[in-house]
Amino acid sequence: MSKALDGVRILDFTHVQSGPTCTQLLAWFGADVIKVEKAGEGDATRGQLRDIPDVDSLYFTMLNHNKRSITLDTKNPKGKEVLNTLIKTCDVLVENFAPGALDRMGYTWERIQELNPRMIVASVKGFGPGPYEDCKVYENVAQCAGGAASTTGFDDGPPVVTGAQIGDSGTGVHLALGIVSALYQRNSTGRGQKVLASMQDAVLNLCRVKLRDQQRLDRTQVLKEYPQYPDGKFGDAVPRAGNASGGGQPGWILKCKGWETDPNAYIYFITQAPVWGAICKVIGQEDWITDPDYASPTARLPRLKAIFDRIEQWTMSKTKFEAMDILNKFDIPCGPILSMKEIAQEPSLRETGTVVEVDHPTRGKYLSVGNPIKLSDSPTEVLRSPLLGEHTEEVLKQLGYREDQIHELRAAKVI
Ligand code: CAO
């Protein structure tokens, strides 16, 4: 079957996590992604967080599926010649170097346009234009600067970063959308363009609801669905809301049977208004259906803590999966707190290709996360990540290089 991005060739200058997430998605949709890595070194993540000596780390393998790898010293004049040819034959250059690194290498936007006016140049940077535009940035810096950390955690504790890599992978997903949009626009303009996704912007985009709440707080000085209401105090900035749902339907994480020994024996429980009657029946508190203190969402808001304490008495008598089975029969929105171990073993995620087992020549079998975006006419087959420089010769030959020229480049350590 054909793939959505068949025929699109990506010059992948990305490293670490944010950029590679983006180009991996494009590869899964069928683009030919040529990852250019420093000769002799490669992407630093190949060697980071290793669990097996001298074998590409899971950090690298899980972010670089379906790509080809070539090594190239792009600071060497001969290496630049190869890079020029690549730029002429690719549709998109994706990079997430530190600010200014591509320019210092000699590849300004103007130079790239000179080589290929149809080239789309897509970049991840920590910050957009402004006071921090020159800063190097990693995941948690972006979470802090994008508003996630100040709004995550509990009221009586410090700001907290989340394990979801919203700064890196989140930005990579944003960049991928920018790239396919630019490719689409190129169909009518014939021109390339610059695509920028800053990590601060991407995190803020994902924290949009907290900027909503900031303005609600400014106007009314209170956020009634936050745990600070009614007994705590609000300051002038959106506070950390613990496990409150953040939406119009109050929710909280509740203990389930076994919580004393299992750190993940919990369930997320949402007291959605349309099923309030069903919730009361399930927990054996039917009087709350008609009691004016509990019968309406507005009446319940100042009593949420007591309500969740009462529901927790019920959830503690069930395992999280038993509770799920019972609550789902009544369409009560809830979700088990799944550990990574449980997710790795979940058969339904294997069946959909969301969790995949991949075979690697030096590592053997490992689990990875497959393409989370499913296209009915462009199925994803997850292929192992390339070894360092595995495709150097293959790509150079495609670019027209002869054996002896390749030999010379190798002898000069350009590839
Ligand atoms: N041949 C020769 N040189 C190469 C090369 C190649 N194939 N590929 C890269 N280089 C060079 C670059 O030109 C750069 O050289 P200069 O510093 O002399 O200009 C150098 O390698 C290192 O690039 P870098 O500064 O991007 O790398 P770093 O490890 O110091 O910083 C990071 C890493 C992530 C902090 C930085 O790249 C960054 O801020 N990127 C943008 C934000 C981002 O994506 N962050 C998320 C990373 S995932 O957590």
# chains A, B, ... in the order shown; residues from 1 in each chain; ligands from 1
>>> residues_near_ligand(ligand="ligand 1", cutoff="6 Å", atoms="only C-alpha atoms and all ligand atoms", output="list in words")
Val16, Gln17, Ser18, Val36, Glu37, Lys38, Leu72, Asp73, Thr74, Lys75, Asn96, Phe97, Ala98, Ala101, Leu102, Arg104, Met105, Val124, Lys125, Gly126, Lys136, Val137, Tyr138, Glu139 and Asp168 of chain A
>>> residues_around(residues="range 179-194 of chain A", least_positions_apart="3", cutoff="7 Å", atoms="only C-alpha atoms", output="list in words")
Pro117, Arg118, Met119, Ile120, Val121, Ala122, Leu175 and Ala176 of chain A
>>> write_last_selection(atoms="N, CA and C atoms", output="PDB file, in the first residue's frame")
ATOM      1  N   PRO A 117      15.350  26.581  -3.895  1.00  0.00           N
ATOM      2  CA  PRO A 117      14.284  27.507  -3.483  1.00  0.00           C
ATOM      3  C   PRO A 117      13.010  26.800  -3.011  1.00  0.00           C
ATOM      4  N   ARG A 118      12.910  25.494  -3.299  1.00  0.00           N
ATOM      5  CA  ARG A 118      11.717  24.750  -2.854  1.00  0.00           C
ATOM      6  C   ARG A 118      11.910  24.137  -1.462  1.00  0.00           C
ATOM      7  N   MET A 119      13.120  24.316  -0.905  1.00  0.00           N
ATOM      8  CA  MET A 119      13.435  23.669   0.366  1.00  0.00           C
ATOM      9  C   MET A 119      12.661  24.298   1.542  1.00  0.00           C
ATOM     10  N   ILE A 120      12.057  23.442   2.331  1.00  0.00           N
ATOM     11  CA  ILE A 120      11.410  23.890   3.577  1.00  0.00           C
ATOM     12  C   ILE A 120      12.423  23.667   4.702  1.00  0.00           C
ATOM     13  N   VAL A 121      12.666  24.691   5.481  1.00  0.00           N
ATOM     14  CA  VAL A 121      13.642  24.574   6.575  1.00  0.00           C
ATOM     15  C   VAL A 121      12.898  24.647   7.902  1.00  0.00           C
ATOM     16  N   ALA A 122      12.860  23.525   8.587  1.00  0.00           N
ATOM     17  CA  ALA A 122      12.047  23.432   9.798  1.00  0.00           C
ATOM     18  C   ALA A 122      12.935  23.306  11.030  1.00  0.00           C
ATOM     19  N   LEU A 175       5.988  20.597  15.186  1.00  0.00           N
ATOM     20  CA  LEU A 175       6.827  20.889  14.014  1.00  0.00           C
ATOM     21  C   LEU A 175       6.394  20.038  12.811  1.00  0.00           C
ATOM     22  N   ALA A 176       6.032  18.787  13.085  1.00  0.00           N
ATOM     23  CA  ALA A 176       5.618  17.896  11.985  1.00  0.00           C
ATOM     24  C   ALA A 176       4.392  18.473  11.273  1.00  0.00           C
TER      25      ALA A 176
END
>>> residues_around(residues="Gln48 in chain A", least_positions_apart="4", cutoff="12 Å", atoms="only C-alpha atoms", output="list in words")
Val16, Gln17, Gly42, Asp43, Ala44, Ile52, Pro53, Asp54, Val55, Asp56, Ser57, Leu58, Tyr59, Phe60 and Thr61 of chain A
>>> residues_around(residues="Cys280 in chain A", least_positions_apart="2", cutoff="12 Å", atoms="only C-alpha atoms", output="PyMOL selection string")
chain A and resi 271-278+282-291+294-295+307-308+310-311+314+327+330+332
>>> residues_around(residues="Ser378 in chain A", least_positions_apart="2", cutoff="9 Å", atoms="only C-alpha atoms", output="NGL selection string")
:A and (1-5 or 28-30 or 374-376 or 380)
>>> decode(residues="range 368-390 of chain A", atoms="N, CA and C atoms", output="compact mmCIF listing (two decimals), in the first residue's frame")
# COMPACT_ATOMS: atom_id res chain seq x y z
N SER A 368 8.79 -0.67 21.76
CA SER A 368 8.76 0.76 21.46
C SER A 368 7.31 1.21 21.34
N VAL A 369 7.16 2.52 21.26
CA VAL A 369 5.82 3.07 21.03
C VAL A 369 5.69 3.27 19.53
N GLY A 370 4.68 2.69 18.93
CA GLY A 370 4.46 2.83 17.50
C GLY A 370 3.83 4.18 17.17
N ASN A 371 3.39 4.31 15.94
CA ASN A 371 2.80 5.58 15.51
C ASN A 371 1.45 5.79 16.20
N PRO A 372 1.33 6.86 16.98
CA PRO A 372 0.06 7.09 17.68
C PRO A 372 -1.03 7.63 16.75
N ILE A 373 -0.65 7.98 15.52
CA ILE A 373 -1.63 8.55 14.58
C ILE A 373 -1.87 7.51 13.50
N LYS A 374 -3.08 7.02 13.42
CA LYS A 374 -3.37 5.92 12.50
C LYS A 374 -4.10 6.44 11.26
N LEU A 375 -3.52 6.22 10.09
CA LEU A 375 -4.15 6.61 8.82
C LEU A 375 -4.64 5.33 8.14
N SER A 376 -5.90 5.31 7.72
CA SER A 376 -6.44 4.06 7.18
C SER A 376 -5.80 3.68 5.84
N ASP A 377 -5.35 4.68 5.07
CA ASP A 377 -4.73 4.37 3.78
C ASP A 377 -3.21 4.46 3.81
N SER A 378 -2.65 4.62 5.00
CA SER A 378 -1.19 4.75 5.09
C SER A 378 -0.72 4.07 6.37
N PRO A 379 -0.81 2.73 6.40
CA PRO A 379 -0.46 2.03 7.64
C PRO A 379 1.03 2.16 7.96
N THR A 380 1.34 2.15 9.25
CA THR A 380 2.74 2.30 9.67
C THR A 380 3.34 0.94 10.01
N GLU A 381 4.49 0.66 9.40
CA GLU A 381 5.26 -0.51 9.83
C GLU A 381 6.50 0.05 10.53
N VAL A 382 6.65 -0.28 11.80
CA VAL A 382 7.78 0.27 12.55
C VAL A 382 9.04 -0.55 12.25
N LEU A 383 10.03 0.12 11.65
CA LEU A 383 11.29 -0.54 11.32
C LEU A 383 12.39 -0.06 12.26
N ARG A 384 13.34 -0.90 12.54
CA ARG A 384 14.38 -0.56 13.52
C ARG A 384 15.15 0.70 13.11
N SER A 385 15.76 1.32 14.11
CA SER A 385 16.59 2.50 13.85
C SER A 385 17.87 2.07 13.14
N PRO A 386 18.47 2.97 12.37
CA PRO A 386 19.70 2.61 11.65
C PRO A 386 20.91 2.60 12.56
N LEU A 387 21.89 1.78 12.22
CA LEU A 387 23.19 1.87 12.91
C LEU A 387 23.88 3.13 12.40
N LEU A 388 24.87 3.60 13.15
CA LEU A 388 25.55 4.84 12.75
C LEU A 388 26.19 4.69 11.36
N GLY A 389 25.75 5.52 10.44
CA GLY A 389 26.33 5.52 9.09
C GLY A 389 25.96 4.31 8.25
N GLU A 390 24.95 3.59 8.66
CA GLU A 390 24.58 2.35 7.95
C GLU A 390 24.27 2.61 6.47
